[in-house]
file target_0.txt (compact mmCIF, C-alpha atoms)
# COMPACT_ATOMS: atom_id res chain seq x y z
CA MET A 878 0.00 0.00 0.00
CA THR A 879 1.53 3.28 -1.17
CA THR A 880 0.29 6.76 -0.26
CA LEU A 881 1.74 9.95 -1.68
CA TYR A 882 1.11 13.38 -0.17
CA HIS A 883 1.69 15.81 -3.02
CA TYR A 884 0.68 19.12 -4.53
CA PRO A 885 -0.31 19.16 -8.23
CA LEU A 886 1.89 22.14 -9.17
CA CYS A 887 4.91 21.06 -7.10
CA PRO A 888 7.61 19.88 -9.56
CA PHE A 889 9.14 17.54 -6.95
CA SER A 890 5.78 15.87 -6.35
CA ARG A 891 5.28 15.49 -10.10
CA LYS A 892 8.70 13.94 -10.48
CA ILE A 893 7.83 11.26 -7.92
CA ARG A 894 4.43 10.65 -9.54
CA LEU A 895 6.24 10.11 -12.85
CA PHE A 896 8.89 7.83 -11.31
CA LEU A 897 6.13 5.71 -9.71
CA GLY A 898 4.06 5.75 -12.90
CA GLU A 899 6.99 4.53 -15.00
CA GLN A 900 7.41 1.64 -12.56
CA LYS A 901 3.65 0.99 -12.71
CA VAL A 902 3.33 1.46 -8.96
CA GLY A 903 -0.13 2.71 -8.09
CA ALA A 904 -0.39 5.12 -5.16
CA ASP A 905 -3.20 6.83 -3.28
CA LEU A 906 -2.64 10.51 -4.04
CA ILE A 907 -3.49 12.99 -1.29
CA ILE A 908 -3.33 16.67 -2.18
CA GLU A 909 -1.55 18.63 0.56
CA ARG A 910 -1.79 22.43 0.56
CA PHE A 911 1.55 22.50 2.34
CA TRP A 912 1.61 26.25 2.99
CA GLU A 913 -1.31 25.79 5.41
CA ASN A 914 1.02 23.86 7.78
CA ARG A 915 -1.70 21.41 8.74
CA LYS A 916 -0.93 19.89 12.16
CA GLU A 917 -1.27 16.24 11.13
CA PHE A 918 0.98 16.84 8.16
CA ILE A 919 3.70 18.56 10.21
CA LYS A 920 3.64 15.53 12.48
CA LEU A 921 4.27 13.38 9.40
CA ASN A 922 6.98 15.65 8.00
CA PRO A 923 8.35 18.31 10.37
CA SER A 924 9.76 20.28 7.42
CA GLY A 925 6.18 20.79 6.20
CA GLU A 926 7.13 20.04 2.59
CA VAL A 927 5.73 17.73 -0.06
CA PRO A 928 6.17 15.06 -1.35
CA VAL A 929 5.91 12.52 1.46
CA MET A 930 5.43 8.85 0.69
CA LEU A 931 4.13 6.11 2.97
CA PHE A 932 5.02 2.67 1.78
CA ASP A 933 3.82 -0.17 4.00
CA ASP A 934 5.31 0.77 7.38
CA ASN A 935 7.96 3.07 5.94
CA LYS A 936 7.86 6.84 5.65
CA PHE A 937 9.92 8.83 3.14
CA CYS A 938 10.05 12.60 3.54
CA GLY A 939 11.10 14.67 0.56
CA HIS A 940 11.76 13.83 -3.09
CA TYR A 941 15.39 13.01 -2.39
CA ALA A 942 14.55 10.19 0.05
CA ILE A 943 11.70 8.91 -2.13
CA SER A 944 13.63 8.89 -5.40
CA GLU A 945 16.58 7.09 -3.81
CA TYR A 946 14.20 4.49 -2.49
CA ILE A 947 12.62 3.98 -5.91
CA GLU A 948 16.05 3.77 -7.56
CA ASN A 949 17.15 1.08 -5.15
CA LYS A 950 13.93 -0.88 -5.32
CA PHE A 951 13.67 -0.80 -9.11
CA GLU A 952 17.24 -1.25 -10.18
CA ASP A 953 16.61 -0.58 -13.85
CA THR A 954 15.66 3.09 -13.26
CA LEU A 955 19.26 4.28 -13.53
CA PRO A 956 21.90 3.06 -15.99
CA LYS A 957 24.69 0.95 -14.52
CA ASP A 958 27.34 2.72 -16.58
CA LEU A 959 29.12 5.35 -14.49
CA ALA A 960 29.30 8.10 -17.14
CA ASN A 961 25.58 7.86 -17.94
CA LYS A 962 24.69 7.69 -14.29
CA SER A 963 26.62 10.83 -13.42
CA GLU A 964 25.24 12.63 -16.50
CA ASN A 965 21.74 11.73 -15.27
CA ARG A 966 22.50 13.08 -11.83
CA ARG A 967 24.09 16.23 -13.23
CA LEU A 968 20.88 17.00 -15.15
CA ILE A 969 18.57 16.01 -12.28
CA ASP A 970 20.55 18.37 -10.06
CA TRP A 971 20.37 21.05 -12.78
CA PHE A 972 16.57 20.98 -12.79
CA ASP A 973 15.94 20.37 -9.10
CA ASN A 974 18.31 23.11 -8.01
CA LYS A 975 19.39 25.57 -10.70
CA PHE A 976 16.23 25.53 -12.84
CA HIS A 977 14.01 25.45 -9.76
CA LYS A 978 15.81 28.35 -8.06
CA GLU A 979 15.98 30.51 -11.19
CA VAL A 980 12.69 29.60 -12.89
CA SER A 981 10.07 27.18 -11.55
CA LYS A 982 10.15 28.24 -7.91
CA ILE A 983 9.70 31.92 -8.82
CA ILE A 984 6.92 31.38 -11.36
CA ILE A 985 4.96 28.94 -9.16
CA ASN A 986 5.32 31.21 -6.15
CA GLU A 987 4.13 34.30 -8.03
CA ARG A 988 1.30 32.68 -9.97
CA VAL A 989 0.04 30.03 -7.53
CA GLU A 990 1.25 30.10 -3.93
CA LYS A 991 0.91 33.88 -3.45
CA ARG A 992 -2.71 33.54 -4.43
CA PHE A 993 -3.46 31.13 -1.62
CA ARG A 994 -1.21 32.44 1.13
CA SER A 995 -2.42 35.08 3.60
CA LEU A 996 -0.90 38.56 3.26
CA GLU A 997 1.24 38.09 6.41
CA LYS A 998 2.69 34.91 4.95
CA GLY A 999 3.79 36.49 1.69
CA GLY A 1000 0.50 36.27 -0.23
CA GLY A 1001 -0.77 38.91 -2.63
CA LEU A 1002 -0.72 39.84 -6.30
CA PRO A 1003 2.00 38.40 -8.55
CA ASN A 1004 5.09 40.59 -8.87
CA THR A 1005 5.50 41.11 -12.61
CA ASP A 1006 9.19 42.04 -12.28
CA ASN A 1007 9.90 38.66 -10.70
CA ILE A 1008 7.94 36.85 -13.41
CA ARG A 1009 9.81 38.75 -16.14
CA LEU A 1010 13.15 37.83 -14.55
CA ALA A 1011 12.15 34.15 -14.26
CA LYS A 1012 10.97 34.04 -17.89
CA ASN A 1013 14.25 35.55 -18.99
CA ASN A 1014 16.12 32.88 -17.00
CA LEU A 1015 13.80 30.25 -18.50
CA ASN A 1016 14.85 31.31 -21.98
CA ASN A 1017 18.52 30.80 -21.15
CA HIS A 1018 17.85 27.39 -19.63
CA LEU A 1019 15.81 26.31 -22.65
CA LYS A 1020 18.62 27.34 -25.01
CA TYR A 1021 20.90 24.91 -23.22
CA ILE A 1022 18.30 22.10 -23.22
CA GLU A 1023 17.61 22.70 -26.94
CA TYR A 1024 21.37 22.45 -27.56
CA LEU A 1025 21.44 19.07 -25.78
CA LEU A 1026 18.38 17.77 -27.62
CA GLU A 1027 19.85 18.69 -30.99
CA ARG A 1028 22.53 16.13 -30.17
CA ARG A 1029 20.66 13.49 -28.18
CA PHE A 1030 17.23 11.89 -28.62
CA TRP A 1031 16.58 11.98 -24.87
CA LEU A 1032 18.44 14.23 -22.43
CA VAL A 1033 21.18 11.75 -21.52
CA ASN A 1034 21.34 9.42 -24.52
CA ASN A 1035 18.93 7.38 -26.67
CA LYS A 1036 16.87 6.08 -23.72
CA ILE A 1037 14.36 7.94 -21.56
CA GLN A 1038 15.77 8.24 -18.06
CA LEU A 1039 15.18 9.89 -14.69
CA ALA A 1040 16.72 13.12 -15.98
CA ASP A 1041 13.99 13.36 -18.65
CA LEU A 1042 11.23 12.75 -16.11
CA THR A 1043 12.70 15.33 -13.74
CA ALA A 1044 12.97 17.92 -16.51
CA ALA A 1045 9.40 17.17 -17.63
CA ALA A 1046 8.13 17.56 -14.06
CA HIS A 1047 9.47 21.12 -13.90
CA ILE A 1048 8.60 22.10 -17.46
CA SER A 1049 5.04 20.77 -17.15
CA CYS A 1050 4.38 23.13 -14.21
CA ILE A 1051 5.56 26.08 -16.31
CA ASP A 1052 3.42 24.84 -19.20
CA TYR A 1053 0.33 24.55 -16.96
CA LEU A 1054 0.75 28.24 -16.19
CA GLY A 1055 1.15 29.15 -19.87
CA ASP A 1056 4.76 30.36 -19.73
CA MET A 1057 6.47 27.90 -22.11
CA PRO A 1058 7.63 29.54 -25.39
CA TRP A 1059 7.21 26.31 -27.38
CA ASP A 1060 7.57 27.85 -30.83
CA LYS A 1061 11.11 29.01 -30.16
CA PHE A 1062 12.37 25.55 -29.17
CA PRO A 1063 11.33 22.87 -31.66
CA GLU A 1064 13.56 20.10 -30.28
CA ILE A 1065 12.23 20.58 -26.76
CA LYS A 1066 8.71 20.50 -28.16
CA HIS A 1067 9.36 17.15 -29.89
CA TRP A 1068 10.92 15.76 -26.73
CA TYR A 1069 8.02 16.96 -24.56
CA SER A 1070 5.41 15.56 -26.94
CA ARG A 1071 7.09 12.12 -26.65
CA ILE A 1072 6.97 12.41 -22.86
CA LYS A 1073 3.36 13.63 -22.87
CA SER A 1074 2.21 10.49 -24.66
CA ARG A 1075 3.54 8.13 -21.99
CA PRO A 1076 0.94 6.49 -19.74
CA SER A 1077 2.82 7.74 -16.64
CA PHE A 1078 2.02 11.31 -17.74
CA ARG A 1079 -1.76 10.92 -17.91
CA SER A 1080 -2.54 11.88 -14.34
CA ILE A 1081 -0.25 14.95 -14.65
CA LEU A 1082 -2.20 16.14 -17.69
CA ALA A 1083 -5.48 15.68 -15.80
CA ASP A 1084 -4.40 17.98 -12.95
CA LYS A 1085 -6.63 20.98 -12.29
CA ILE A 1086 -6.17 23.58 -9.57
CA ILE A 1087 -9.41 25.25 -8.51
CA GLY A 1088 -9.27 28.90 -9.57
CA ILE A 1089 -6.23 28.37 -11.81
CA PRO A 1090 -7.24 26.35 -14.87
CA PRO A 1091 -4.48 24.98 -17.14
CA ARG A 1092 -3.49 27.39 -19.91
CA GLY A 1093 -3.20 26.84 -23.65
CA ASN A 1094 -2.84 23.27 -24.90
CA TYR A 1095 -1.53 21.93 -21.58
CA ALA A 1096 -3.63 18.77 -21.61
CA LEU A 1097 -3.46 18.07 -25.35
CA LEU A 1098 -1.04 15.53 -26.79
CA ASP A 1099 -1.00 17.55 -29.98
CA PHE A 1100 0.02 21.06 -28.92
CA MET B 57 43.65 10.39 -8.88
CA THR B 58 40.89 12.57 -7.44
CA THR B 59 40.49 16.31 -7.99
CA LEU B 60 37.82 18.40 -6.29
CA TYR B 61 36.88 21.89 -7.44
CA HIS B 62 35.37 23.54 -4.39
CA TYR B 63 34.88 26.80 -2.53
CA PRO B 64 35.85 26.91 1.15
CA LEU B 65 32.60 28.54 2.33
CA CYS B 66 30.30 26.46 0.11
CA PRO B 67 28.41 24.01 2.38
CA PHE B 68 27.99 21.50 -0.48
CA SER B 69 31.73 21.50 -1.16
CA ARG B 70 32.41 21.03 2.54
CA LYS B 71 30.01 18.11 2.68
CA ILE B 72 31.90 16.34 -0.10
CA ARG B 73 35.26 17.11 1.53
CA LEU B 74 33.94 15.52 4.74
CA PHE B 75 32.50 12.47 2.93
CA LEU B 76 35.86 11.93 1.19
CA GLY B 77 37.77 12.55 4.42
CA GLU B 78 35.72 9.99 6.33
CA GLN B 79 36.53 7.44 3.60
CA LYS B 80 40.20 8.47 3.80
CA VAL B 81 40.22 9.40 0.11
CA GLY B 82 42.77 12.11 -0.57
CA ALA B 83 41.89 14.66 -3.24
CA ASP B 84 43.66 17.58 -4.89
CA LEU B 85 41.59 20.57 -3.79
CA ILE B 86 41.22 23.42 -6.27
CA ILE B 87 39.49 26.57 -5.03
CA GLU B 88 37.01 27.82 -7.62
CA ARG B 89 35.58 31.33 -7.24
CA PHE B 90 32.50 30.12 -9.08
CA TRP B 91 30.82 33.53 -9.37
CA GLU B 92 33.59 34.60 -11.76
CA ASN B 93 32.27 32.10 -14.37
CA ARG B 94 35.77 31.15 -15.48
CA LYS B 95 35.64 29.81 -19.05
CA GLU B 96 37.55 26.57 -18.37
CA PHE B 97 35.32 25.86 -15.40
CA ILE B 98 32.08 26.42 -17.35
CA LYS B 99 33.41 23.95 -19.89
CA LEU B 100 33.85 21.45 -17.06
CA ASN B 101 30.43 22.18 -15.50
CA PRO B 102 28.00 24.22 -17.64
CA SER B 103 25.93 25.09 -14.53
CA GLY B 104 28.98 26.96 -13.19
CA GLU B 105 28.52 25.54 -9.70
CA VAL B 106 30.84 23.82 -7.22
CA PRO B 107 31.62 21.10 -6.22
CA VAL B 108 32.89 19.22 -9.26
CA MET B 109 34.92 16.04 -8.83
CA LEU B 110 37.22 14.37 -11.34
CA PHE B 111 37.93 10.78 -10.52
CA ASP B 112 40.21 8.96 -12.96
CA ASP B 113 38.37 9.49 -16.25
CA ASN B 114 35.01 10.29 -14.70
CA LYS B 115 33.49 13.68 -14.02
CA PHE B 116 30.83 14.33 -11.39
CA CYS B 117 29.06 17.70 -11.43
CA GLY B 118 27.30 18.80 -8.27
CA HIS B 119 27.15 17.43 -4.73
CA TYR B 120 24.22 15.18 -5.61
CA ALA B 121 26.13 13.24 -8.28
CA ILE B 122 29.30 13.12 -6.17
CA SER B 123 27.64 11.95 -2.96
CA GLU B 124 25.73 9.21 -4.78
CA TYR B 125 28.97 8.04 -6.29
CA ILE B 126 30.69 7.95 -2.91
CA GLU B 127 27.72 6.10 -1.36
CA ASN B 128 27.84 3.45 -4.05
CA LYS B 129 31.60 3.07 -3.98
CA PHE B 130 31.87 2.89 -0.20
CA GLU B 131 28.89 0.85 0.74
CA ASP B 132 29.22 1.34 4.46
CA THR B 133 28.49 5.10 4.27
CA LEU B 134 24.73 4.60 4.59
CA PRO B 135 22.93 2.14 6.85
CA LYS B 136 21.30 -0.85 5.14
CA ASP B 137 18.19 -0.57 7.29
CA LEU B 138 15.40 1.23 5.42
CA ALA B 139 14.11 3.36 8.30
CA ASN B 140 17.58 4.67 9.16
CA LYS B 141 18.37 5.25 5.53
CA SER B 142 15.26 7.34 4.92
CA GLU B 143 15.79 9.25 8.19
CA ASN B 144 19.32 10.04 6.96
CA ARG B 145 17.97 11.28 3.64
CA ARG B 146 15.21 13.29 5.31
CA LEU B 147 17.80 15.17 7.37
CA ILE B 148 20.26 15.55 4.46
CA ASP B 149 17.41 17.04 2.44
CA TRP B 150 16.47 19.25 5.40
CA PHE B 151 19.93 20.82 5.50
CA ASP B 152 20.69 20.90 1.78
CA ASN B 153 17.34 22.44 0.90
CA LYS B 154 15.37 23.93 3.79
CA PHE B 155 18.28 25.04 5.99
CA HIS B 156 20.25 26.22 2.96
CA LYS B 157 17.35 28.23 1.52
CA GLU B 158 16.33 29.78 4.84
CA VAL B 159 19.73 30.22 6.50
CA SER B 160 23.11 29.31 5.01
CA LYS B 161 22.51 30.57 1.48
CA ILE B 162 21.35 33.97 2.75
CA ILE B 163 24.13 34.45 5.30
CA ILE B 164 26.90 33.31 2.91
CA ASN B 165 25.54 35.48 0.11
CA GLU B 166 25.33 38.58 2.32
CA ARG B 167 28.61 38.17 4.17
CA VAL B 168 30.84 36.57 1.50
CA GLU B 169 29.62 36.46 -2.11
CA LYS B 170 28.29 40.04 -2.21
CA ARG B 171 31.73 41.20 -1.17
CA PHE B 172 33.39 39.63 -4.19
CA ARG B 173 30.75 40.13 -6.87
CA SER B 174 30.65 43.25 -9.03
CA LEU B 175 27.78 45.68 -8.39
CA GLU B 176 25.99 44.63 -11.61
CA LYS B 177 26.08 41.00 -10.51
CA GLY B 178 24.48 41.62 -7.12
CA GLY B 179 27.59 42.67 -5.18
CA GLY B 180 27.65 45.36 -2.50
CA LEU B 181 27.29 45.82 1.24
CA PRO B 182 25.51 43.14 3.28
CA ASN B 183 21.78 43.73 3.74
CA THR B 184 21.28 43.66 7.50
CA ASP B 185 17.53 42.94 7.19
CA ASN B 186 18.30 39.75 5.26
CA ILE B 187 20.91 38.72 7.84
CA ARG B 188 18.46 39.36 10.68
CA LEU B 189 15.81 37.25 8.96
CA ALA B 190 18.28 34.40 8.32
CA LYS B 191 19.48 34.47 11.96
CA ASN B 192 15.88 34.30 13.11
CA ASN B 193 15.30 31.28 10.83
CA LEU B 194 18.57 29.79 12.13
CA ASN B 195 17.24 29.95 15.66
CA ASN B 196 14.12 27.98 14.72
CA HIS B 197 16.17 25.36 12.89
CA LEU B 198 18.54 24.99 15.84
CA LYS B 199 15.61 24.48 18.22
CA TYR B 200 14.56 21.47 16.16
CA ILE B 201 18.12 20.09 15.96
CA GLU B 202 18.57 20.56 19.72
CA TYR B 203 15.30 18.66 20.23
CA LEU B 204 16.65 15.76 18.14
CA LEU B 205 20.02 15.74 19.91
CA GLU B 206 18.36 15.62 23.32
CA ARG B 207 17.02 12.22 22.21
CA ARG B 208 19.82 10.87 20.01
CA PHE B 209 23.62 10.86 20.37
CA TRP B 210 24.08 11.59 16.66
CA LEU B 211 21.37 13.04 14.42
CA VAL B 212 19.94 9.72 13.20
CA ASN B 213 20.89 7.26 15.95
CA ASN B 214 23.98 6.28 17.96
CA LYS B 215 26.33 6.29 14.94
CA ILE B 216 27.75 9.23 13.03
CA GLN B 217 26.27 9.23 9.52
CA LEU B 218 26.02 11.29 6.35
CA ALA B 219 23.25 13.39 7.91
CA ASP B 220 25.67 14.55 10.65
CA LEU B 221 28.37 15.42 8.13
CA THR B 222 25.88 17.33 5.99
CA ALA B 223 24.58 19.26 8.98
CA ALA B 224 28.14 20.03 10.11
CA ALA B 225 29.05 21.26 6.61
CA HIS B 226 26.31 23.91 6.76
CA ILE B 227 26.74 24.81 10.43
CA SER B 228 30.52 25.17 10.07
CA CYS B 229 30.03 27.87 7.40
CA ILE B 230 27.73 29.79 9.75
CA ASP B 231 30.28 29.34 12.54
CA TYR B 232 33.14 30.61 10.35
CA LEU B 233 31.16 33.83 9.93
CA GLY B 234 30.48 34.13 13.67
CA ASP B 235 26.68 33.66 13.57
CA MET B 236 26.26 30.48 15.66
CA PRO B 237 24.57 31.13 19.05
CA TRP B 238 26.40 28.23 20.74
CA ASP B 239 25.48 29.13 24.31
CA LYS B 240 21.77 28.70 23.68
CA PHE B 241 22.10 25.16 22.32
CA PRO B 242 24.27 22.97 24.59
CA GLU B 243 23.42 19.65 22.89
CA ILE B 244 24.32 20.99 19.46
CA LYS B 245 27.56 22.32 20.92
CA HIS B 246 28.47 18.86 22.31
CA TRP B 247 27.59 17.25 19.00
CA TYR B 248 29.64 19.78 17.02
CA SER B 249 32.64 19.42 19.31
CA ARG B 250 32.61 15.64 18.65
CA ILE B 251 32.53 16.30 14.90
CA LYS B 252 35.24 18.95 15.13
CA SER B 253 37.67 16.48 16.63
CA ARG B 254 37.42 14.03 13.70
CA PRO B 255 40.43 13.89 11.37
CA SER B 256 38.12 14.52 8.36
CA PHE B 257 37.32 17.94 9.82
CA ARG B 258 40.91 19.21 10.05
CA SER B 259 41.10 20.75 6.60
CA ILE B 260 37.73 22.49 7.14
CA LEU B 261 39.06 24.10 10.34
CA ALA B 262 42.18 25.27 8.49
CA ASP B 263 40.16 27.15 5.83
CA LYS B 264 40.87 30.86 5.51
CA ILE B 265 39.26 33.26 3.05
CA ILE B 266 41.44 36.27 2.23
CA GLY B 267 39.76 39.36 3.62
CA ILE B 268 37.29 37.38 5.74
CA PRO B 269 39.15 35.71 8.61
CA PRO B 270 37.29 33.06 10.67
CA ARG B 271 35.44 34.53 13.64
CA GLY B 272 35.49 33.55 17.30
CA ASN B 273 36.72 30.07 18.19
CA TYR B 274 36.04 28.62 14.74
CA ALA B 275 39.31 26.69 14.49
CA LEU B 276 39.55 25.63 18.16
CA LEU B 277 38.46 22.18 19.29
CA ASP B 278 37.65 23.70 22.67
CA PHE B 279 35.19 26.48 21.93

call {"tool": "encode", "arguments": {"input": "target_0.txt", "output": "structure tokens"}}
result
Amino acid sequence: MTTLYHYPLCPFSRKIRLFLGEQKVGADLIIERFWENRKEFIKLNPSGEVPVMLFDDNKFCGHYAISEYIENKFEDTLPKDLANKSENRRLIDWFDNKFHKEVSKIIINERVEKRFRSLEKGGGLPNTDNIRLAKNNLNNHLKYIEYLLERRFWLVNNKIQLADLTAAAHISCIDYLGDMPWDKFPEIKHWYSRIKSRPSFRSILADKIIGIPPRGNYALLDF
Amino acid sequence: MTTLYHYPLCPFSRKIRLFLGEQKVGADLIIERFWENRKEFIKLNPSGEVPVMLFDDNKFCGHYAISEYIENKFEDTLPKDLANKSENRRLIDWFDNKFHKEVSKIIINERVEKRFRSLEKGGGLPNTDNIRLAKNNLNNHLKYIEYLLERRFWLVNNKIQLADLTAAAHISCIDYLGDMPWDKFPEIKHWYSRIKSRPSFRSILADKIIGIPPRGNYALLDF
């Protein structure tokens, strides 16, 4: 029995949903509005962050603990070869840290979290300067990803790997909010359309936040 | 032959230095002032971030890739038992993400990086409001760590583990800059003094940044 506490527009939650989906592990999904600091949830994870996974009698707090667990349990998730493995981790780190810090964290905070937080806790209207800065950063990141995908079919080599799922988790949040400049990056668009058509991606495409509907062709395989 | 590109007051670099030290792996240490975006370094790691490790013919970019490599190579670094393993990862994640975002990143940026960056790249005098906020956050984090250490000899159980080394990597940067309120947290002080006396910690205690000497009793085992 697997339970995942997640938030639909949290890239780290999405990454774990994709990892589980690729392994065909079903999980009960519980949406946690983590910024509300619900007492029972803080008891589960004192850091107050999603995702948290319960698996039988085990508890895994944070995407780092969960993804390591999945990698160990399903040994085929990462390549054995050292160079591919470290290239995977380099790109996972790129998205989870650099891309998140410079792009996804800012855009999700401005367009989603600020809307639900109280004023004292940093809520309010989106700051357009911050969004402009994040979109500018996004453009630079996408240039690099486009450069990689002109040379490789998937991000690491010719096989879809955890790095692709991690990248798609972040990019899909940006796409939900309508900020992906697809037309400028044809290789990324091809890559994303291949990812979109995977069964593991279905539940991601069905996500809907009340008050913030998905923008553009978010849910369409042909976009 | 192992080479580590690092920065002395980067908590992620320190963590890797400690992991290597505990495994008695010697490495050539090269100080990289990463904010200068040196061409040769960007070629090595396009994200421009430290640490980067070269090991024989392999390259590992980022602390995530390096620490996974060390864990796999030296199998005794993490406990086999699932509950201990996930508790380790929960706390590693806590320090590398939550503590870093709310405390160490802010303090190091204000007191160190801003001093060396040009004005256009965010350099300048430290912002005392930001430092006050980070020190307030630090206090809340330390309360939780003190709570854990009142119940456990090391952070996870009765054995020193990667979670302790990760925590010490972050806390030692704060201590270098003189912002650790040791007197208020006796259990953390005991814990840190045990870590300080380990051979792996010697090179950390010998660190000196030109223009920013270590504060207080940073380098003393008896502090």

call {"tool": "closest_atom_pairs", "arguments": {"input": "target_0.txt", "of": "range 142-245 of chain B", "to": "range 930-952 of chain A", "cutoff": "6 Å", "atoms": "all atoms listed in the file", "output": "Markdown table"}}
result
| residue | atom | partner | partner_atom | distance |
| --- | --- | --- | --- | --- |
| B:Ser142 | CA | A:Ala942 | CA | 5.7 |
| B:Arg145 | CA | A:Ala942 | CA | 5.1 |
| B:Arg146 | CA | A:Cys938 | CA | 5.5 |

call {"tool": "closest_residue", "arguments": {"input": "target_0.txt", "among": "B:Lys252, B:His156, B:Lys141, B:His226", "to": "chain A", "atoms": "all atoms listed in the file"}}
result
B:Lys141

call {"tool": "residues_around", "arguments": {"input": "target_0.txt", "residues": "Pro182 in chain B", "least_positions_apart": "5", "cutoff": "9 Å", "atoms": "all atoms listed in the file", "output": "JSON list (two decimals) with C-alpha atoms, keeping the file's coordinate frame"}}
result
[["chain", "number", "residue", "atom", "x", "y", "z"],
["B", 165, "ASN", "CA", 25.54, 35.48, 0.11],
["B", 166, "GLU", "CA", 25.33, 38.58, 2.32],
["B", 167, "ARG", "CA", 28.61, 38.17, 4.17],
["B", 168, "VAL", "CA", 30.84, 36.57, 1.50],
["B", 170, "LYS", "CA", 28.29, 40.04, -2.21],
["B", 171, "ARG", "CA", 31.73, 41.20, -1.17],
["B", 187, "ILE", "CA", 20.91, 38.72, 7.84]]

call {"tool": "atom_distance", "arguments": {"input": "target_0.txt", "atom1": "CA of Val1033 in chain A", "atom2": "CA of Leu955 in chain A"}}
result
11.1 Å

call {"tool": "closest_residue", "arguments": {"input": "target_0.txt", "among": "A:Leu1054, A:Leu1082, A:Leu1097, A:Ala1045", "to": "Trp1068 in chain A", "atoms": "only C-alpha atoms"}}
result
A:Ala1045

call {"tool": "decode", "arguments": {"input": "target_0.txt", "residues": "range 185-197 of chain B", "atoms": "N, CA, C and O atoms", "output": "short mmCIF file (atom, residue, chain, number, x, y, z; two decimals), in the first residue's frame"}}
result
data_model
loop_
_atom_site.label_atom_id
_atom_site.label_comp_id
_atom_site.auth_asym_id
_atom_site.auth_seq_id
_atom_site.Cartn_x
_atom_site.Cartn_y
_atom_site.Cartn_z
N ASP B 185 18.87 43.53 7.02
CA ASP B 185 17.53 42.94 7.19
C ASP B 185 17.55 41.45 6.81
O ASP B 185 16.96 40.62 7.50
N ASN B 186 18.21 41.15 5.68
CA ASN B 186 18.30 39.75 5.26
C ASN B 186 19.04 38.91 6.30
O ASN B 186 18.65 37.78 6.59
N ILE B 187 20.14 39.47 6.84
CA ILE B 187 20.91 38.72 7.84
C ILE B 187 20.07 38.49 9.09
O ILE B 187 20.06 37.38 9.65
N ARG B 188 19.31 39.51 9.49
CA ARG B 188 18.46 39.36 10.68
C ARG B 188 17.42 38.26 10.47
O ARG B 188 17.21 37.40 11.32
N LEU B 189 16.80 38.27 9.30
CA LEU B 189 15.81 37.25 8.96
C LEU B 189 16.44 35.85 8.99
O LEU B 189 15.88 34.91 9.58
N ALA B 190 17.61 35.71 8.38
CA ALA B 190 18.28 34.40 8.32
C ALA B 190 18.66 33.93 9.73
O ALA B 190 18.55 32.74 10.04
N LYS B 191 19.09 34.87 10.59
CA LYS B 191 19.48 34.47 11.96
C LYS B 191 18.25 34.06 12.76
O LYS B 191 18.31 33.19 13.63
N ASN B 192 17.13 34.68 12.47
CA ASN B 192 15.88 34.30 13.11
C ASN B 192 15.47 32.89 12.66
O ASN B 192 15.11 32.03 13.48
N ASN B 193 15.57 32.63 11.35
CA ASN B 193 15.30 31.28 10.83
C ASN B 193 16.26 30.27 11.46
O ASN B 193 15.86 29.16 11.83
N LEU B 194 17.54 30.67 11.56
CA LEU B 194 18.57 29.79 12.13
C LEU B 194 18.15 29.32 13.53
O LEU B 194 18.24 28.14 13.86
N ASN B 195 17.67 30.26 14.30
CA ASN B 195 17.24 29.95 15.66
C ASN B 195 16.16 28.87 15.69
O ASN B 195 16.21 27.94 16.48
N ASN B 196 15.19 28.99 14.79
CA ASN B 196 14.12 27.98 14.72
C ASN B 196 14.65 26.62 14.28
O ASN B 196 14.26 25.59 14.82
N HIS B 197 15.56 26.63 13.31
CA HIS B 197 16.17 25.36 12.89
C HIS B 197 16.94 24.72 14.05
O HIS B 197 16.84 23.53 14.28
#
